[in-house]
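> Take this structure first; my questions come after.
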Amino acid sequence: MSTVPAGASAPAGSSVPLRESRNARRALAFLLLTALFAWLVPGDDEIARSLLALLGFGEGWAGSWLARLLMAAPIAAFLVVNGALLRLFPRRVQIGIVWAELLFVFLAFFYSFDLSFGFIFDRLPILVFTGAFTTVYISLISIFCASILALIGALARLSRSAVAYGLSTFYISFFRGTPLLLQVYLIYLGLPQLGVVLDPVPSGVIALSLCYGAYMAEIFRAGIQSIPKGQTEAGRALGLTEGQIMRKIILPQALRLIVPPTGNQFIAMLKDSSLVSILGVWELMFLARTQGRAEFKYFEMLITAALIYWFLSFLFEMIQARIEHRFGKSDRR
Amino acid sequence: MQRLFGAAVLAAMTAFAVGSVQAGEVLDRVKSTGVLRVATDPAYPPQSSQKPDGTFEGFDIDVATELAKRLGAKVEFVTPAWEIITAGRWGGRWDVSVGSMTPTKERAEVLDFPAIYYYTPASFVVHKDAKYTKVEDLNGKVIGTCGACTYEFYLKHNLTIDAEGVPPFEYKVTPGEIRTYETDTNVFDDLRLGDGVRLDAGISALPTIKGAIDAGYPLKVLGDPVFYEPLAVAIDKGDPEFAAEIKRIVDEMHADGTLKKFSLKWYGVDLTTAQ
């Protein structure tokens, strides 16, 4: 156990105060963690009972504060020692170990649900090839349409025309101010009242594009506004038209600031696209739900879908990092 | 100019406005395209569920397939959420719902119910360790069910079934609290956590409860069914020709024992007549 009193065995030397305070912090962490786990664990399960018996305490101690402490102290000690050992490694290795440990705990948690892996295996093809595929292509089309809407929205918002400004701010205000789920319903159920009967996929794409276009219009606007006014003035001095200035001077520079948050929006959309499942689009969430319900094996499918979504996000996070790297070139010395 | 534009938009909107379908329109479309599009919510085994290859199976699926066959068409399934099916005004996206729908008064305002094809018993379900012995023991308890469905209306003592030949029923339970879920199968997931952990009881279709118990859920049915609900084929409002054709075919399927055969196949009992 690492409950060494602070400073008791610290050797003399220049690093003494540092080491002393580190040990003190570890002791404190151990005490706090022990208290936390003692509060959380029941202390009257199988392990606690056998631990009590091993130390010669009777059945009467089960569930008592002593049993709780006996259960809590080893867990706390393990965590503190784990933290101390981690320090021996270089930073990159530390990060890797922390990830691996958390992933292990995470998977062990899922494993403890006693899942039917045969069921998951049978239904994995449809989840991936139909579900994840649909999710990705709907998100890709939507982010493309949303970018166009965002550019128009941002330019209109920055325009001198009162009508354009009014249209743009109204659009941004409405689509940022209402839930996406509601917008999906409105477009799917509302448009037929005007005689426009759209299929589920186009309806979903329109809803996602309009909603994300509104958010991204603000990103685009910020990007455009971040380019100093002097650039526009210089363009004018060269005799360029306003359109040329925007296309050839402002936008290329603004893109550097616009692209990274757009990647972020795309990753968010990947998951928000699950809302179009209510229209009966066979994307990942829809299939996870219906496949799970077929045999009342709900959890198997939800966990599988969660891992697929996570994997997709992870993939696109890496792509985003590469794009950011590319667009950030001019900032590096 | 602007006024002119406004008027044009209004005119266009009125011209395209779809209130209800034209008489005979759906039937004509089914006959001409040779496809009957059926809305199904594949969240309800053994009525409708999805197989790993994406196709469907269940009692409703068999009935819909047979219905299409007798209409001389090929069946095609679409899977909008239940609320979207019951909202009505389908706008020709699909032709018919064979989804074990109860013809309530509210739904009859937006949908037509040409034919009842079977009756399902509604029962209370509790955790298998629960001590309740009769349905009346559930007075004042926390009971879960689907939102805006017939079971919730029953719990609220507000159930009106707008159809002929409905067996009479009485309200035997007054819950202390009603918890509603997206569908009644979510209730089983909360109930399995233990007696009284989140719910004391649930109410659902007897075949659905039995399906969950067969799938290993630690549940049991409490007492006898509290009411029988007729379940109907639903179509969009305002097409009497299509309604008449569906009624003719479903009556035929009742008479020649086809429905009974499907019921025995999927439920193990004959649910095609009211008890």
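Residues are referred to by chain and number: the chain letter is A, B, ... according to the order shown in the structure tokens, the number counts from 1 in that chain, and ligands are numbered separately from 1 in the order shown.
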Would you kindly report the residues of chain A within 6 Å of chain B, using only C-alpha atoms, as a list of chain:residue names?

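Contact residues on the first chain: A:Arg123, A:Gln193, A:Leu194, A:Gly195, A:Ile278, A:Leu279, A:Gly280, A:Thr290, A:Gln291, A:Arg293, A:Ala294.
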
> Hey, can you spit out that residue selection with C-alpha atoms as a short mmCIF file (atom, residue, chain, number, x, y, z; two decimals), in the first residue's frame?


data_model
loop_
_atom_site.label_atom_id
_atom_site.label_comp_id
_atom_site.auth_asym_id
_atom_site.auth_seq_id
_atom_site.Cartn_x
_atom_site.Cartn_y
_atom_site.Cartn_z
CA ARG A 123 -26.60 -8.71 -38.46
CA GLN A 193 -49.63 20.02 -47.96
CA LEU A 194 -48.21 22.26 -50.70
CA GLY A 195 -48.31 19.42 -53.19
CA ILE A 278 -38.08 8.33 -38.19
CA LEU A 279 -38.83 8.71 -41.89
CA GLY A 280 -37.97 5.06 -42.41
CA THR A 290 -35.43 -2.67 -35.97
CA GLN A 291 -32.86 -5.47 -36.13
CA ARG A 293 -36.32 -5.57 -31.85
CA ALA A 294 -36.75 -8.55 -34.13
#

> Would you mind listing what lies within 8 Å of range 114-120 of chain A as a JSON list (two decimals) with C-alpha atoms, in the first residue's frame, with only C-alpha atoms counted and same-chain residues fewer than 5 positions away left out?


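Resulting contents of result.json:
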[["chain", "number", "residue", "atom", "x", "y", "z"],
["A", 299, "PHE", "CA", -28.56, -3.94, -26.52],
["A", 300, "GLU", "CA", -26.50, -5.99, -28.93],
["A", 301, "MET", "CA", -27.51, -3.76, -31.80],
["A", 304, "THR", "CA", -22.71, -2.35, -32.29]]

> For CA of Leu302 in chain A and CA of Phe113 in chain A, determine how far apart the two atoms are, in Å to one decimal place.

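Separation of CA of Leu302 in chain A and CA of Phe113 in chain A: 12.4 Å.
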
> DSSP on the backbone, then: every residue of range 4-222 of chain B marked alpha helix (DSSP H), written as a compact mmCIF listing (two decimals) with C-alpha atoms, in the first residue's frame.


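This went into states-v1.txt:
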# COMPACT_ATOMS: atom_id res chain seq x y z
CA LEU B 4 -48.65 39.75 -58.80
CA PHE B 5 -45.94 37.38 -57.62
CA GLY B 6 -47.75 36.82 -54.31
CA ALA B 7 -50.96 36.01 -56.14
CA ALA B 8 -49.15 33.57 -58.40
CA VAL B 9 -47.63 31.76 -55.42
CA LEU B 10 -51.05 31.52 -53.76
CA ALA B 11 -52.62 30.21 -56.93
CA ALA B 12 -49.90 27.62 -57.32
CA MET B 13 -50.32 26.52 -53.72
CA THR B 14 -54.07 26.07 -54.10
CA ALA B 15 -53.66 24.21 -57.36
CA PHE B 16 -51.25 21.73 -55.82
CA GLU B 25 -57.02 7.15 -57.39
CA VAL B 26 -55.12 4.69 -55.21
CA LEU B 27 -56.85 1.66 -56.70
CA ASP B 28 -56.05 2.92 -60.22
CA ARG B 29 -52.43 3.46 -59.28
CA VAL B 30 -52.09 -0.02 -57.78
CA LYS B 31 -53.70 -1.58 -60.86
CA SER B 32 -51.59 0.40 -63.33
CA THR B 33 -48.21 0.06 -61.59
CA PHE B 59 -48.36 -11.91 -39.36
CA ASP B 60 -48.94 -8.44 -40.82
CA ILE B 61 -46.36 -9.11 -43.51
CA ASP B 62 -48.13 -12.33 -44.56
CA VAL B 63 -51.53 -10.59 -44.59
CA ALA B 64 -50.16 -7.68 -46.65
CA THR B 65 -48.47 -10.02 -49.12
CA GLU B 66 -51.70 -11.99 -49.57
CA LEU B 67 -53.70 -8.76 -49.94
CA ALA B 68 -51.39 -7.58 -52.70
CA LYS B 69 -51.59 -10.96 -54.43
CA ARG B 70 -55.37 -10.83 -54.50
CA TRP B 82 -45.51 4.79 -36.50
CA GLU B 83 -46.44 8.44 -35.78
CA ILE B 84 -45.96 9.27 -39.44
CA ILE B 85 -48.27 6.45 -40.51
CA THR B 86 -50.95 7.47 -38.02
CA LYS B 105 -61.99 7.84 -33.15
CA GLU B 106 -59.03 10.22 -33.48
CA ARG B 107 -57.36 8.14 -36.16
CA ALA B 108 -60.65 7.82 -38.07
CA THR B 150 -54.64 2.47 -27.23
CA TYR B 151 -52.99 1.14 -24.05
CA GLU B 152 -52.28 4.64 -22.83
CA PHE B 153 -55.88 5.63 -23.61
CA TYR B 154 -57.05 2.59 -21.64
CA LEU B 155 -54.91 3.57 -18.63
CA THR B 185 -41.50 -2.94 -26.29
CA ASN B 186 -39.35 -0.36 -24.45
CA VAL B 187 -41.53 -1.11 -21.41
CA PHE B 188 -40.17 -4.66 -21.24
CA ASP B 189 -36.61 -3.36 -21.08
CA ASP B 190 -37.43 -1.24 -18.04
CA LEU B 191 -39.55 -3.94 -16.43
CA LEU B 206 -50.59 -10.35 -25.28
CA PRO B 207 -48.75 -11.79 -28.33
CA THR B 208 -46.00 -9.15 -27.95
CA ILE B 209 -45.61 -9.95 -24.23
CA LYS B 210 -45.40 -13.65 -25.03
CA GLY B 211 -42.77 -12.91 -27.67
CA ALA B 212 -40.66 -11.10 -25.07
CA ILE B 213 -41.07 -13.93 -22.55
CA ASP B 214 -40.01 -16.45 -25.22

> Considering only C-alpha atoms, return as a list in words whatever protein or nucleic-acid residues lie within 6 Å of range 240-251 of chain B, sequence-local ones (same chain, fewer than 6 positions apart) excluded.

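Non-adjacent residues within range: Gly24, Leu27, Pro114 and Ala115 of chain B.
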
> Save the residues we just selected, N, CA and C atoms, as a PDB file, in the first residue's frame?


ATOM      1  N   GLY B  24     -60.976   6.548 -56.159  1.00  0.00           N
ATOM      2  CA  GLY B  24     -60.455   5.570 -57.103  1.00  0.00           C
ATOM      3  C   GLY B  24     -58.997   5.762 -57.476  1.00  0.00           C
ATOM      4  N   LEU B  27     -56.577   2.931 -56.045  1.00  0.00           N
ATOM      5  CA  LEU B  27     -56.850   1.658 -56.701  1.00  0.00           C
ATOM      6  C   LEU B  27     -56.306   1.682 -58.131  1.00  0.00           C
ATOM      7  N   PRO B 114     -61.140   0.276 -43.744  1.00  0.00           N
ATOM      8  CA  PRO B 114     -62.119  -0.504 -44.496  1.00  0.00           C
ATOM      9  C   PRO B 114     -62.398  -1.879 -43.917  1.00  0.00           C
ATOM     10  N   ALA B 115     -61.416  -2.510 -43.255  1.00  0.00           N
ATOM     11  CA  ALA B 115     -61.660  -3.887 -42.818  1.00  0.00           C
ATOM     12  C   ALA B 115     -60.864  -4.244 -41.575  1.00  0.00           C
TER      13      ALA B 115
END

> If we count only C-alpha atoms and set the cut-off at 9 Å, which residues sit around Ile161 in chain B, ignoring sequence neighbours fewer than 6 positions away in its own chain? Please answer as a list in words.

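Selected residues are Thr102, Pro103, Thr104, Lys105, Thr150, Glu229 and Pro230 of chain B.
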
> Write a file of the selected residues as an mmCIF file, in the first residue's frame, keeping N, CA and C atoms.


data_model
loop_
_atom_site.group_PDB
_atom_site.id
_atom_site.type_symbol
_atom_site.label_atom_id
_atom_site.label_comp_id
_atom_site.auth_asym_id
_atom_site.auth_seq_id
_atom_site.Cartn_x
_atom_site.Cartn_y
_atom_site.Cartn_z
ATOM 1 N N THR B 102 -55.369 -0.077 -34.404
ATOM 2 C CA THR B 102 -56.697 -0.026 -33.807
ATOM 3 C C THR B 102 -57.439 1.184 -34.370
ATOM 4 N N PRO B 103 -58.658 0.979 -34.884
ATOM 5 C CA PRO B 103 -59.401 2.102 -35.443
ATOM 6 C C PRO B 103 -60.015 2.988 -34.360
ATOM 7 N N THR B 104 -59.222 3.891 -33.797
ATOM 8 C CA THR B 104 -59.761 4.798 -32.777
ATOM 9 C C THR B 104 -60.460 5.973 -33.456
ATOM 10 N N LYS B 105 -61.230 6.696 -32.644
ATOM 11 C CA LYS B 105 -61.988 7.837 -33.154
ATOM 12 C C LYS B 105 -61.057 8.895 -33.752
ATOM 13 N N THR B 150 -53.389 2.868 -27.878
ATOM 14 C CA THR B 150 -54.638 2.467 -27.226
ATOM 15 C C THR B 150 -54.433 2.096 -25.762
ATOM 16 N N GLU B 229 -58.792 -5.521 -28.741
ATOM 17 C CA GLU B 229 -58.910 -4.451 -29.709
ATOM 18 C C GLU B 229 -58.952 -5.006 -31.123
ATOM 19 N N PRO B 230 -59.911 -4.489 -31.896
ATOM 20 C CA PRO B 230 -59.963 -4.893 -33.283
ATOM 21 C C PRO B 230 -58.820 -4.223 -34.019
#

> Find, counting only C-alpha atoms, the residue in A:Ile303, A:Ala24, A:Leu210, A:Leu189 that gets nearest to Phe109 in chain A.

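Of A:Ile303, A:Ala24, A:Leu210, A:Leu189, the one nearest Phe109 in chain A, counting only C-alpha atoms, is A:Ile303.
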
> So what do you get for CA of Gly144 in chain B versus CA of Glu295 in chain A, distance-wise?

20.7 Å

> Among the residues of range 54-214 of chain B, find those DSSP assigns to strand (DSSP E) from the backbone and print them as an MDAnalysis selection string.

chainID B and resid 56:57 74:78 96:101 111:127 142:146 177:181 201:205

> Which residue is closest to Tyr119 in chain B? Choose from B:Val197, B:Met101, B:Leu36, B:Leu222 and count only C-alpha atoms.

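Using only C-alpha atoms, Tyr119 in chain B sits closest to B:Met101.
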
> Could you give me, as a ChimeraX atom specification, the residues within 8 Å of Phe220 in chain A, counting only C-alpha atoms and dropping anything in the same chain fewer than 3 positions from it?

/A:150-151,154,216-217,223-224,254,258

> Those same residues, written as an mmCIF file, in the first residue's frame with N, CA and C atoms?


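Writing done, so here's out.cif:
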data_model
loop_
_atom_site.group_PDB
_atom_site.id
_atom_site.type_symbol
_atom_site.label_atom_id
_atom_site.label_comp_id
_atom_site.auth_asym_id
_atom_site.auth_seq_id
_atom_site.Cartn_x
_atom_site.Cartn_y
_atom_site.Cartn_z
ATOM 1 N N ALA A 150 -24.568 27.745 -46.721
ATOM 2 C CA ALA A 150 -23.843 28.561 -45.740
ATOM 3 C C ALA A 150 -23.132 29.717 -46.436
ATOM 4 N N LEU A 151 -22.547 29.434 -47.609
ATOM 5 C CA LEU A 151 -21.842 30.489 -48.334
ATOM 6 C C LEU A 151 -22.832 31.579 -48.763
ATOM 7 N N ALA A 154 -24.017 33.449 -45.676
ATOM 8 C CA ALA A 154 -23.012 34.358 -45.116
ATOM 9 C C ALA A 154 -22.862 35.601 -45.993
ATOM 10 N N MET A 216 -23.540 26.756 -40.248
ATOM 11 C CA MET A 216 -22.291 26.981 -40.955
ATOM 12 C C MET A 216 -22.230 28.366 -41.584
ATOM 13 N N ALA A 217 -23.382 28.981 -41.849
ATOM 14 C CA ALA A 217 -23.390 30.343 -42.369
ATOM 15 C C ALA A 217 -22.641 31.262 -41.407
ATOM 16 N N GLY A 223 -15.351 33.587 -40.855
ATOM 17 C CA GLY A 223 -14.157 33.412 -41.668
ATOM 18 C C GLY A 223 -13.939 34.590 -42.598
ATOM 19 N N ILE A 224 -15.014 35.020 -43.256
ATOM 20 C CA ILE A 224 -14.908 36.129 -44.206
ATOM 21 C C ILE A 224 -14.559 37.425 -43.471
ATOM 22 N N ALA A 254 -10.135 33.039 -46.387
ATOM 23 C CA ALA A 254 -11.124 32.705 -45.362
ATOM 24 C C ALA A 254 -11.255 31.191 -45.215
ATOM 25 N N ILE A 258 -12.364 28.425 -42.348
ATOM 26 C CA ILE A 258 -13.691 27.821 -42.472
ATOM 27 C C ILE A 258 -13.607 26.299 -42.477
#

> Interatomic distance between CA of Val184 in chain A and CA of Val281 in chain A?

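Going from CA of Val184 in chain A over to CA of Val281 in chain A covers 12.0 Å.
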